[in-house]
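Asker: Below: one structure in structure tokens.
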Amino acid sequence: MPAIDIIDASGNDYRYNLPEDGTALLIGTDAGCSISLPHIADLLPQHCTISLQEEGYVIAIAAEGATLLAENQPAESAVLVPRAVYHIGSAMLMYDDSAAEAAEAGAEEPAPEEAPTEEEAPEQPRKKKKKKVSHGASPLLSSVSYTEEDSALHIILRRLYVIAILAAAFLAGLTMRYWMITGDFLIDELLK
């Protein structure tokens, strides 16, 4: 069932199921609202509505002066997208459409076919399965990559390289200090 999560400034998460019969939800601080949140700062008595329309669930401002940020952009109304972030007042609103995603995944899988006999079906081309691409994924999450170490030798060589760089930096610091105090080069003294 489609639902929304409203997360207040303290980090408390409130989950509400969205109606599938077309009725609109009114969100605000007023006790007469469908979702009354009097403890959320910057929320008006009748702040916004969520209604089911042709394009999906739409969140819209209900009163003048109400704020709605859809993906950090001011908006009068926006279609709710899974994993997108919406701000109403000081609260964060996220849409969860796990039931619809499960139905889409089930609809994409082909129905099992009966195996034809050799007489009925000569060579027929096989259908390729398409992979489902998630268009609602966050760009931050889609760019995550992991690396694997090549071998134990790679790890040892990298550590030796770091030690050599640190030793060279330490020697350079000692040389600068020796030069500032004596006016001579430390390398000349070490090589005598």
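Residues in the structure tokens are named by chain (A, B, ... in the order shown) and by number from 1 within that chain; ligands are numbered from 1 in the order shown.
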Counting only C-alpha atoms, what is within 9 Å of Asn17 in chain A, bar same-chain residues fewer than 5 positions away, as JSON, numbers by chain?
Answerer: {"A": [1, 2, 3, 4, 5]}
Asker: Give me the residues within 6 Å of Ala60 in chain A as a PyMOL selection string, counting only C-alpha atoms and dropping any in the same chain fewer than 5 places off.
Answerer: chain A and resi 48-49+76-77
Asker: Mind checking DSSP for range 32-81 of chain A and telling me the strand (DSSP E) residues as an NGL selection string?
Answerer: :A and (35-36 or 48-53 or 56-61 or 68-70 or 73-74 or 77-79)
Asker: Quote the spacing between CA of Asp97 in chain A and CA of Ile61 in chain A in Å to one decimal place.
Answerer: 21.4 Å
Asker: Please identify all polymer residues within 10 Å of Leu52 in chain A, counting only C-alpha atoms, omitting same-chain residues fewer than 3 positions from it, and present them as a PyMOL selection string.
Answerer: chain A and resi 18-25+55-59+79-80
